[in-house]
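Everything below belongs to data.cif, which stores mmCIF, C-alpha atoms.
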```cif
data_coords
#
loop_
_atom_site.label_atom_id
_atom_site.label_comp_id
_atom_site.auth_asym_id
_atom_site.auth_seq_id
_atom_site.Cartn_x
_atom_site.Cartn_y
_atom_site.Cartn_z
CA MET I 932 6.02 3.96 -25.60
CA SER I 933 2.44 2.71 -26.00
CA THR I 934 -0.83 4.39 -25.10
CA LEU I 935 -1.24 1.96 -22.19
CA ASP I 936 2.21 2.92 -20.90
CA LEU I 937 1.25 6.60 -21.01
CA PHE I 938 -1.98 5.74 -19.19
CA LEU I 939 -0.06 4.03 -16.37
CA ILE I 940 2.34 6.99 -16.12
CA SER I 941 -0.57 9.44 -15.85
CA LEU I 942 -2.35 7.20 -13.35
CA SER I 943 0.79 7.05 -11.21
CA PHE I 944 0.66 10.83 -10.81
CA ILE I 945 -3.05 10.74 -9.92
CA SER I 946 -2.74 7.80 -7.50
CA SER I 947 0.20 9.37 -5.63
CA PHE I 948 -1.75 12.63 -5.40
CA ILE I 949 -4.72 10.74 -3.92
CA THR I 950 -2.53 8.92 -1.39
CA VAL I 951 -1.01 12.14 -0.02
CA VAL I 952 -4.34 14.00 0.12
CA PHE I 953 -6.45 11.18 1.58
CA GLY I 954 -3.80 8.94 3.16
CA ILE I 955 -4.52 5.78 1.16
CA GLY I 956 -6.05 4.54 -2.07
CA GLY I 957 -3.36 5.23 -4.65
CA GLY I 958 -1.64 1.87 -4.39
CA THR I 959 -4.89 -0.02 -4.84
CA ILE I 960 -5.85 2.09 -7.86
CA MET I 961 -2.48 1.39 -9.50
CA LEU I 962 -2.73 -2.33 -8.78
CA LEU I 963 -6.22 -2.58 -10.31
CA ALA I 964 -4.99 -0.82 -13.46
CA MET I 965 -1.91 -3.04 -13.70
CA VAL I 966 -4.02 -6.18 -13.34
CA ALA I 967 -6.02 -5.07 -16.38
CA ILE I 968 -2.97 -4.09 -18.48
CA LEU I 969 0.19 -5.98 -17.52
CA PRO I 970 1.08 -9.68 -17.85
CA PRO I 971 0.42 -11.52 -14.55
CA ALA I 972 4.11 -12.37 -14.03
CA GLN I 973 5.05 -8.68 -13.92
CA ILE I 974 2.26 -7.17 -11.82
CA ILE I 975 3.46 -7.61 -8.22
CA MET I 976 7.10 -6.83 -9.06
CA ILE I 977 6.37 -3.64 -11.02
CA HIS I 978 3.74 -2.53 -8.51
CA GLY I 979 6.26 -3.09 -5.72
CA LEU I 980 8.94 -1.03 -7.49
CA VAL I 981 6.53 1.84 -8.17
CA GLN I 982 5.16 1.86 -4.63
CA LEU I 983 8.66 1.62 -3.19
CA SER I 984 9.79 4.77 -5.01
CA SER I 985 6.61 6.74 -4.25
CA ASN I 986 6.60 5.85 -0.56
CA PHE I 987 10.33 6.47 -0.19
CA PHE I 988 9.95 10.00 -1.53
CA ARG I 989 6.85 10.51 0.63
CA ALA I 990 8.69 9.27 3.73
CA VAL I 991 11.56 11.69 3.04
CA MET I 992 9.12 14.59 2.64
CA PHE I 993 7.33 13.75 5.91
CA ARG I 994 10.41 12.42 7.77
CA LYS I 995 9.92 14.80 10.73
CA THR I 996 6.52 13.28 11.48
CA VAL I 997 7.45 9.59 11.26
CA VAL I 998 6.76 7.66 14.49
CA TRP I 999 9.95 5.62 14.38
CA SER I 1000 9.16 3.50 17.44
CA LYS I 1001 6.28 1.92 15.50
CA VAL I 1002 8.25 1.71 12.25
CA ASN I 1003 11.09 -0.18 13.95
CA VAL I 1004 8.70 -2.83 15.28
CA PHE I 1005 7.02 -3.04 11.89
CA MET I 1006 10.42 -3.47 10.22
CA LEU I 1007 11.21 -6.52 12.35
CA ALA I 1008 7.76 -7.94 11.65
CA SER I 1009 8.16 -7.33 7.91
CA PHE I 1010 11.45 -9.26 7.81
CA LEU I 1011 9.64 -12.22 9.36
CA GLY I 1012 6.53 -11.88 7.20
CA VAL I 1013 8.29 -11.49 3.86
CA GLY I 1014 10.62 -14.36 4.76
CA ILE I 1015 7.64 -16.60 5.48
CA GLY I 1016 5.81 -15.42 2.35
CA THR I 1017 8.87 -16.08 0.18
CA LEU I 1018 9.18 -19.64 1.48
CA LEU I 1019 5.51 -20.51 1.08
CA THR I 1020 4.98 -22.83 -1.87
CA VAL I 1021 1.22 -23.20 -1.44
CA GLU I 1022 -1.19 -20.95 -3.28
CA LEU I 1023 -3.25 -19.11 -0.68
CA PRO I 1024 -6.95 -18.53 -1.48
CA VAL I 1025 -6.98 -14.94 -2.76
CA VAL I 1026 -10.71 -14.53 -2.06
CA ALA I 1027 -10.21 -15.41 1.61
CA ILE I 1028 -7.25 -13.02 1.86
CA LYS I 1029 -9.18 -10.14 0.28
CA LEU I 1030 -12.26 -10.76 2.43
CA SER I 1031 -10.14 -10.86 5.60
CA ILE I 1032 -8.57 -7.50 4.71
CA ALA I 1033 -11.98 -5.93 3.99
CA VAL I 1034 -13.50 -7.22 7.24
CA PHE I 1035 -10.51 -6.03 9.27
CA ILE I 1036 -10.69 -2.53 7.76
CA LEU I 1037 -14.42 -2.23 8.51
CA PHE I 1038 -13.78 -3.56 12.03
CA THR I 1039 -11.22 -0.84 12.75
CA LEU I 1040 -13.62 1.83 11.48
CA PHE I 1041 -16.65 0.85 13.55
CA VAL I 1042 -15.11 -0.72 16.67
CA LYS I 1043 -12.95 1.32 19.05
CA ILE I 1044 -9.66 -0.57 19.34
CA PRO I 1045 -7.41 0.03 22.36
CA ALA I 1046 -3.77 0.94 21.81
CA MET I 1047 -1.91 -2.09 20.49
CA THR I 1048 1.00 -3.59 22.35
CA THR I 1049 4.34 -4.34 20.72
CA LYS I 1050 3.19 -7.94 20.27
CA GLY I 1051 0.08 -6.69 18.49
CA TRP I 1052 2.20 -4.64 16.10
CA LEU I 1053 4.47 -7.61 15.45
CA VAL I 1054 1.50 -9.80 14.56
CA GLY I 1055 -0.03 -7.11 12.33
CA GLY I 1056 3.26 -6.51 10.55
CA VAL I 1057 3.95 -10.20 9.98
CA VAL I 1058 0.46 -10.90 8.63
CA SER I 1059 0.39 -7.88 6.29
CA SER I 1060 3.90 -8.69 5.01
CA ILE I 1061 2.95 -12.27 4.21
CA LEU I 1062 -0.16 -11.07 2.38
CA THR I 1063 1.74 -8.49 0.32
CA MET I 1064 3.67 -11.32 -1.36
CA PHE I 1065 0.38 -12.65 -2.73
CA VAL I 1066 -2.01 -9.72 -3.27
CA GLY I 1067 0.41 -6.81 -3.74
CA ALA I 1068 -1.49 -3.87 -2.23
CA THR I 1069 -1.81 -4.17 1.55
CA GLY I 1070 -1.35 -0.45 2.21
CA THR I 1071 -5.02 -0.16 3.16
CA LEU I 1072 -4.58 -2.84 5.82
CA VAL I 1073 -1.48 -1.16 7.27
CA ALA I 1074 -3.22 2.25 7.11
CA ALA I 1075 -6.04 0.83 9.21
CA LEU I 1076 -3.45 -0.36 11.76
CA VAL I 1077 -1.70 3.02 11.84
CA ASN I 1078 -5.04 4.83 12.11
CA VAL I 1079 -5.64 3.05 15.42
CA PHE I 1080 -2.83 4.91 17.20
CA GLU I 1081 -2.17 7.98 15.03
CA GLN I 1082 -4.79 10.23 13.45
CA ARG I 1083 -2.79 13.42 12.96
CA LYS I 1084 -2.60 13.93 9.23
CA ASP I 1085 1.14 14.45 8.64
CA TYR I 1086 2.14 11.86 11.26
CA LEU I 1087 -0.10 9.21 9.70
CA ILE I 1088 1.15 9.95 6.17
CA GLY I 1089 4.82 9.92 7.22
CA THR I 1090 4.60 6.81 9.39
CA LEU I 1091 2.58 4.85 6.83
CA ALA I 1092 5.00 5.83 4.05
CA ALA I 1093 8.02 4.64 6.07
CA MET I 1094 6.29 1.34 6.81
CA MET I 1095 5.45 0.85 3.14
CA VAL I 1096 9.08 1.51 2.17
CA VAL I 1097 10.11 -1.32 4.46
CA GLN I 1098 7.42 -3.70 3.23
CA HIS I 1099 7.72 -3.01 -0.50
CA GLY I 1100 11.52 -2.96 -0.33
CA LEU I 1101 11.66 -6.37 1.31
CA LYS I 1102 9.00 -7.69 -1.07
CA VAL I 1103 11.01 -6.64 -4.14
CA ILE I 1104 14.14 -8.27 -2.70
CA GLY I 1105 12.18 -11.44 -1.92
CA LEU I 1106 10.72 -11.59 -5.43
CA LEU I 1107 14.14 -11.07 -6.99
CA LEU I 1108 15.47 -14.00 -4.97
CA VAL I 1109 12.75 -16.47 -5.90
CA ALA I 1110 11.20 -15.25 -9.15
CA HIS I 1111 12.37 -14.61 -12.69
CA VAL I 1112 10.58 -11.54 -14.04
CA VAL I 1113 10.94 -11.12 -17.79
CA GLU I 1114 10.41 -8.32 -20.27
CA ILE I 1115 10.14 -5.43 -17.86
CA ASP I 1116 10.45 -2.11 -19.67
CA TRP I 1117 12.64 -0.26 -17.19
CA LEU I 1118 12.21 3.07 -18.98
CA VAL I 1119 8.45 2.85 -18.50
CA VAL I 1120 8.91 1.85 -14.85
CA LEU I 1121 11.22 4.85 -14.33
CA CYS I 1122 8.65 7.18 -15.91
CA ILE I 1123 5.88 5.73 -13.74
CA CYS I 1124 8.03 6.23 -10.62
CA THR I 1125 8.87 9.82 -11.63
CA ALA I 1126 5.20 10.61 -12.20
CA GLY I 1127 4.45 9.24 -8.74
CA ILE I 1128 7.01 11.58 -7.18
CA LEU I 1129 5.47 14.56 -8.99
CA GLY I 1130 2.03 13.47 -7.78
CA THR I 1131 3.35 13.34 -4.21
CA LEU I 1132 4.73 16.89 -4.47
CA THR I 1133 1.47 18.22 -5.86
CA GLY I 1134 -0.60 16.32 -3.31
CA LYS I 1135 1.40 17.70 -0.40
CA LYS I 1136 0.70 21.28 -1.49
CA VAL I 1137 -3.03 20.55 -1.59
CA GLY I 1138 -2.96 18.53 1.64
CA GLN I 1139 -1.28 21.33 3.59
CA ARG I 1140 -4.45 23.38 3.20
CA MET I 1141 -6.63 20.60 4.58
CA ALA I 1142 -7.63 20.63 8.27
CA ASP I 1143 -6.89 17.53 10.37
CA ASP I 1144 -10.61 16.91 11.04
CA THR I 1145 -11.37 17.01 7.32
CA TYR I 1146 -8.45 14.67 6.66
CA LYS I 1147 -9.63 12.16 9.30
CA LYS I 1148 -13.12 12.10 7.78
CA GLY I 1149 -11.64 11.69 4.31
CA LEU I 1150 -9.39 8.85 5.50
CA LYS I 1151 -12.31 6.98 7.08
CA ILE I 1152 -14.35 7.39 3.90
CA ALA I 1153 -11.41 6.20 1.79
CA LEU I 1154 -10.86 3.18 4.05
CA GLY I 1155 -14.56 2.31 3.98
CA LEU I 1156 -14.78 2.63 0.19
CA SER I 1157 -11.64 0.51 -0.21
CA ALA I 1158 -13.16 -2.24 1.94
CA LEU I 1159 -16.44 -2.11 0.02
CA TRP I 1160 -14.56 -2.18 -3.29
CA ILE I 1161 -12.72 -5.33 -2.20
CA ILE I 1162 -16.04 -6.98 -1.31
CA VAL I 1163 -17.62 -5.93 -4.64
CA ASP I 1164 -14.57 -7.27 -6.48
CA ILE I 1165 -14.98 -10.62 -4.72
CA LEU I 1166 -18.70 -10.78 -5.57
CA MET I 1167 -18.02 -9.89 -9.21
CA GLY I 1168 -15.49 -12.71 -9.34
CA PHE I 1169 -18.16 -15.17 -8.26
CA THR I 1170 -20.58 -13.98 -10.94
CA THR I 1171 -18.15 -14.21 -13.88
#
```
Here is the file; what I need is its structure written in the form of structure tokens.
Amino acid sequence: MSTLDLFLISLSFISSFITVVFGIGGGTIMLLAMVAILPPAQIIMIHGLVQLSSNFFRAVMFRKTVVWSKVNVFMLASFLGVGIGTLLTVELPVVAIKLSIAVFILFTLFVKIPAMTTKGWLVGGVVSSILTMFVGATGTLVAALVNVFEQRKDYLIGTLAAMMVVQHGLKVIGLLLVAHVVEIDWLVVLCICTAGILGTLTGKKVGQRMADDTYKKGLKIALGLSALWIIVDILMGFTT
């Protein structure tokens, strides 16, 4: 096991801890690290597997606070979105996708959005599920959607985790159907997933001592920083 493998395993623990404490951020951190370390052909698949395991465990831990009425709608939308994303043969402009996500996140933070209808949730789920086939980490986008209707800490964490299980699970299945991923070190992937579970357990213990108001402020800051990071990443791409 290489030094880079050990780094990813350690980062998995840290990123899962961050996600439980602040609601989001861990998936994006892992994706950025994987982009710098892993071969391009492996990134979205391995990231999907790691996020699937972490979110599944998180959803089980917070199962009593999952808003299943929203998850069920999101599940239907994800089937449609991943199906469309799997069939797409065109290469979507990644810069435009990233910028759209960043703008949407900032919009939800600074503009009061009324409660979304079922149709609104279907559209949001379809769009985010299509995008996850191309950019990997759309948890921030879905978190912004969930934050519109649910701001109680445990309910947001549980509901978002359940939605991410659906989306990442379908994404992995879709990739297995259409892509041939080679040279995946399954032992390393297992260790990364295990570290993520341990990070979730540790994060929950810390998060239980955090007041809902503090959590909401932390979530908004995390969402805002994620959006700004996406914009900075786009600008850096133009200057290199």
Can you turn the PyMOL selection byres ((chain I and resi 1088) around 9) into a concrete residue list for this file, as a PyMOL selection string? chain I and resi 950-951+953-955+989-990+993+996-997+1074+1083-1087+1089-1093
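Considering only C-alpha atoms, the residue among I:Val1057, I:Ala1142, I:Ile1123, I:Ala1153 positioned nearest to Gly1016 (chain I) is I:Val1057.
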Expanded to explicit residues, what is the PyMOL selection byres ((chain I and resi 982) around 8) for this file, as a tab-separated table (two decimals) with C-alpha atoms, keeping the file's coordinate frame?
```
chain	number	residue	atom	x	y	z
I	958	GLY	CA	-1.64	1.87	-4.39
I	978	HIS	CA	3.74	-2.53	-8.51
I	979	GLY	CA	6.26	-3.09	-5.72
I	980	LEU	CA	8.94	-1.03	-7.49
I	981	VAL	CA	6.53	1.84	-8.17
I	983	LEU	CA	8.66	1.62	-3.19
I	984	SER	CA	9.79	4.77	-5.01
I	985	SER	CA	6.61	6.74	-4.25
I	986	ASN	CA	6.60	5.85	-0.56
I	1095	MET	CA	5.45	0.85	3.14
I	1096	VAL	CA	9.08	1.51	2.17
I	1099	HIS	CA	7.72	-3.01	-0.50
I	1124	CYS	CA	8.03	6.23	-10.62
```
Pairwise distance for CA of Val1002 (chain I) and CA of Val1097 (chain I), rounded to one decimal in Å: 8.6 Å
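Pairwise distance (CA of Ser943 (chain I), CA of Gly957 (chain I)) equals 8.0 Å.
Residues captured in this structure file are Thr934, Leu935, Asp936, Leu937, Phe938, Leu939, Ile940, Leu942, Ser943, Phe944, Ile945, Ser946, Ser947, Phe948, Met961, Ala964, Val1119, Cys1122, Ile1123, Cys1124, Thr1125, Ala1126, Gly1127, Ile1128, Leu1129 and Gly1130 of chain I, according to the PyMOL selection byres ((chain I and resi 941) around 12).
The two atoms in question, CA of Gly1105 (chain I) and CA of Trp1052 (chain I), are spaced 21.7 Å apart.
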Tell me which protein, DNA and RNA residues are within 8 Å of Val1004 (chain I), counting only C-alpha atoms, leaving out same-chain ones fewer than 3 positions away, and put them as JSON, numbers by chain. {"I": [1000, 1001, 1007, 1008, 1049, 1052, 1053]}
